[in-house]
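Some notes on the structure that comes next.
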Amino acid sequence: MKRNLAGSVILLVVSGLFGAVDFASLHPPQEYRPTTGYAFWSKADGNIKFAYLIGFSDAEQLYRIVLDKGAKPLCADAGKAWIDDFDRKIPMPNNITIKQMSDGLDEFYKDWRNQGVSLHLAKNIVTLQIVGRPPLEIEEATRKARAASNE
């Protein structure tokens with residue numbers, strides 16, 4: 001009986017080691033870039049782009065409602081100033097269409113220097129273009145987005 005128990009324990013330990021090695025080899029640590037920028041946008045068809053932009057827009061609208069109706073009335077002057085600055089830097093116009101945004105993103109990513117920019121930053125830059133912000137402001141936002149993608 002002792003011999004059987006010792007053999008079973010050894011077999012259990014060896015099996016556990018093999019299992020741990022197998023498990024560790026399945027997910028080796030690696031760096032990867034998220035596929036929510038040019039890699040995603042260039043491969044997506046019109047339906048996927050449309051669905052992504054609708055979902056992003058819905059989430060952004062909900063966030064803005066929470067900021068404007070929930071947080072802003074409770075904020076001190078500094079918090080209200082931050083929310084106003086946020087609305088100025090990242091506008092959310094009511095007259096923008098999904099087609100305009102999709103076409104704008106297609107045009108934005110045609111420039112090879114923008115292909116490392118994440119999709120949410122690219123969307124903000126295209127929004128600035130659509131609402132007619134000055135070119136210097138758009139260039140500054142693009143420069144900051146490119147710098148953020150290189151970090």
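Identifiers in this document derive from the order of the structure tokens: chains are assigned A, B, ..., residues are numbered from 1 separately in each chain, and ligands are numbered from 1 in order of occurrence.
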
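Non-sequential neighbours of region 92-106 of chain A (distance at most 8 Å, separation of 6 or more positions within a chain, only C-alpha atoms) are Trp41, Lys49, Phe50, Leu53, Ile54, Ala122, Lys123, Val126, Thr127, Ile130 and Val131 of chain A.
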
**Asked** Any idea what the distance is between CA of His120 (chain A) and CA of Ala59 (chain A)?
**Response** 12.0 Å

**Item:** Nearest to Val66 (chain A), chosen from A:Ser118, A:Gln129, A:Ile83, A:Ala141, with only C-alpha atoms counted in the distances
**Value:**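 Distance minimum relative to Val66 (chain A) lands on A:Ile83.
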
**Prompt:** CA of Pro134 (chain A) and CA of Lys72 (chain A), how far apart in Å?
**Reply:**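 CA of Pro134 (chain A) lies at a distance of 27.6 Å from CA of Lys72 (chain A).
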
**Message:** Excluding Lys80 (chain A) and its own-chain neighbours fewer than 6 positions away, which residues fall within 12 Å of it when counting only C-alpha atoms? Please give them as a list in words.
**Reply:** Leu67, Asp68, Lys69, Gly70, Ala71, Lys72, Pro73, Leu74, Phe86 and Asp87 of chain A

For the residues in that selection, give me all heavy atoms as a PDB file, in the first residue's frame.
ATOM      1  N   LEU A  67     -22.219  63.641 -17.315  1.00  0.00           N
ATOM      2  CA  LEU A  67     -21.422  64.818 -16.959  1.00  0.00           C
ATOM      3  C   LEU A  67     -22.300  66.058 -16.812  1.00  0.00           C
ATOM      4  O   LEU A  67     -22.212  66.784 -15.814  1.00  0.00           O
ATOM      5  CB  LEU A  67     -20.364  65.095 -18.030  1.00  0.00           C
ATOM      6  CG  LEU A  67     -19.025  64.395 -17.903  1.00  0.00           C
ATOM      7  CD1 LEU A  67     -18.108  64.828 -19.042  1.00  0.00           C
ATOM      8  CD2 LEU A  67     -18.362  64.670 -16.587  1.00  0.00           C
ATOM      9  N   ASP A  68     -23.134  66.312 -17.804  1.00  0.00           N
ATOM     10  CA  ASP A  68     -23.904  67.553 -17.820  1.00  0.00           C
ATOM     11  C   ASP A  68     -25.043  67.582 -16.798  1.00  0.00           C
ATOM     12  O   ASP A  68     -25.271  68.600 -16.150  1.00  0.00           O
ATOM     13  CB  ASP A  68     -24.467  67.811 -19.216  1.00  0.00           C
ATOM     14  CG  ASP A  68     -23.386  68.154 -20.228  1.00  0.00           C
ATOM     15  OD1 ASP A  68     -22.292  68.573 -19.795  1.00  0.00           O
ATOM     16  OD2 ASP A  68     -23.631  68.004 -21.433  1.00  0.00           O
ATOM     17  N   LYS A  69     -25.743  66.482 -16.674  1.00  0.00           N
ATOM     18  CA  LYS A  69     -26.914  66.463 -15.787  1.00  0.00           C
ATOM     19  C   LYS A  69     -26.590  65.981 -14.373  1.00  0.00           C
ATOM     20  O   LYS A  69     -27.204  66.424 -13.413  1.00  0.00           O
ATOM     21  CB  LYS A  69     -27.997  65.556 -16.380  1.00  0.00           C
ATOM     22  CG  LYS A  69     -28.429  65.910 -17.781  1.00  0.00           C
ATOM     23  CD  LYS A  69     -29.504  66.959 -17.767  1.00  0.00           C
ATOM     24  CE  LYS A  69     -30.118  67.120 -19.132  1.00  0.00           C
ATOM     25  NZ  LYS A  69     -29.581  68.162 -19.928  1.00  0.00           N
ATOM     26  N   GLY A  70     -25.628  65.064 -14.268  1.00  0.00           N
ATOM     27  CA  GLY A  70     -25.329  64.494 -12.958  1.00  0.00           C
ATOM     28  C   GLY A  70     -24.191  65.158 -12.233  1.00  0.00           C
ATOM     29  O   GLY A  70     -24.327  65.610 -11.090  1.00  0.00           O
ATOM     30  N   ALA A  71     -23.047  65.275 -12.900  1.00  0.00           N
ATOM     31  CA  ALA A  71     -21.851  65.762 -12.212  1.00  0.00           C
ATOM     32  C   ALA A  71     -21.742  67.276 -12.187  1.00  0.00           C
ATOM     33  O   ALA A  71     -21.383  67.863 -11.162  1.00  0.00           O
ATOM     34  CB  ALA A  71     -20.607  65.170 -12.870  1.00  0.00           C
ATOM     35  N   LYS A  72     -22.052  67.931 -13.283  1.00  0.00           N
ATOM     36  CA  LYS A  72     -21.820  69.377 -13.389  1.00  0.00           C
ATOM     37  C   LYS A  72     -22.576  70.182 -12.329  1.00  0.00           C
ATOM     38  O   LYS A  72     -21.996  71.095 -11.735  1.00  0.00           O
ATOM     39  CB  LYS A  72     -22.174  69.861 -14.798  1.00  0.00           C
ATOM     40  CG  LYS A  72     -21.646  71.234 -15.110  1.00  0.00           C
ATOM     41  CD  LYS A  72     -21.844  71.562 -16.582  1.00  0.00           C
ATOM     42  CE  LYS A  72     -21.223  72.897 -16.925  1.00  0.00           C
ATOM     43  NZ  LYS A  72     -21.364  73.172 -18.364  1.00  0.00           N
ATOM     44  N   PRO A  73     -23.853  69.880 -12.054  1.00  0.00           N
ATOM     45  CA  PRO A  73     -24.541  70.657 -11.022  1.00  0.00           C
ATOM     46  C   PRO A  73     -23.922  70.501  -9.621  1.00  0.00           C
ATOM     47  O   PRO A  73     -24.055  71.389  -8.779  1.00  0.00           O
ATOM     48  CB  PRO A  73     -25.967  70.104 -11.032  1.00  0.00           C
ATOM     49  CG  PRO A  73     -26.131  69.478 -12.365  1.00  0.00           C
ATOM     50  CD  PRO A  73     -24.781  68.983 -12.749  1.00  0.00           C
ATOM     51  N   LEU A  74     -23.237  69.400  -9.384  1.00  0.00           N
ATOM     52  CA  LEU A  74     -22.655  69.149  -8.069  1.00  0.00           C
ATOM     53  C   LEU A  74     -21.227  69.666  -7.936  1.00  0.00           C
ATOM     54  O   LEU A  74     -20.669  69.665  -6.850  1.00  0.00           O
ATOM     55  CB  LEU A  74     -22.674  67.642  -7.782  1.00  0.00           C
ATOM     56  CG  LEU A  74     -24.047  66.964  -7.837  1.00  0.00           C
ATOM     57  CD1 LEU A  74     -23.890  65.467  -7.677  1.00  0.00           C
ATOM     58  CD2 LEU A  74     -24.976  67.534  -6.798  1.00  0.00           C
ATOM     59  N   PHE A  86     -13.532  70.349 -21.464  1.00  0.00           N
ATOM     60  CA  PHE A  86     -13.684  69.039 -22.105  1.00  0.00           C
ATOM     61  C   PHE A  86     -14.637  69.148 -23.293  1.00  0.00           C
ATOM     62  O   PHE A  86     -14.356  68.635 -24.382  1.00  0.00           O
ATOM     63  CB  PHE A  86     -14.200  68.025 -21.082  1.00  0.00           C
ATOM     64  CG  PHE A  86     -14.469  66.665 -21.643  1.00  0.00           C
ATOM     65  CD1 PHE A  86     -13.437  65.763 -21.854  1.00  0.00           C
ATOM     66  CD2 PHE A  86     -15.759  66.273 -21.959  1.00  0.00           C
ATOM     67  CE1 PHE A  86     -13.681  64.504 -22.374  1.00  0.00           C
ATOM     68  CE2 PHE A  86     -16.017  65.016 -22.477  1.00  0.00           C
ATOM     69  CZ  PHE A  86     -14.976  64.139 -22.685  1.00  0.00           C
ATOM     70  N   ASP A  87     -15.782  69.828 -23.102  1.00  0.00           N
ATOM     71  CA  ASP A  87     -16.750  70.000 -24.191  1.00  0.00           C
ATOM     72  C   ASP A  87     -16.170  70.814 -25.339  1.00  0.00           C
ATOM     73  O   ASP A  87     -16.508  70.592 -26.496  1.00  0.00           O
ATOM     74  CB  ASP A  87     -18.020  70.684 -23.668  1.00  0.00           C
ATOM     75  CG  ASP A  87     -18.881  69.756 -22.827  1.00  0.00           C
ATOM     76  OD1 ASP A  87     -18.751  68.524 -22.990  1.00  0.00           O
ATOM     77  OD2 ASP A  87     -19.665  70.255 -22.013  1.00  0.00           O
TER      78      ASP A  87
END

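Distance annotation: of A:Gly116, A:Ile138, A:Asn124, A:Arg88, the residue with the minimal separation from Glu151 (chain A) is A:Gly116; atom set is only C-alpha atoms.
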
**Asked** How many Å lie between CA of Asp84 (chain A) and CA of Glu60 (chain A), rounded to one decimal?
**Response** 15.5 Å
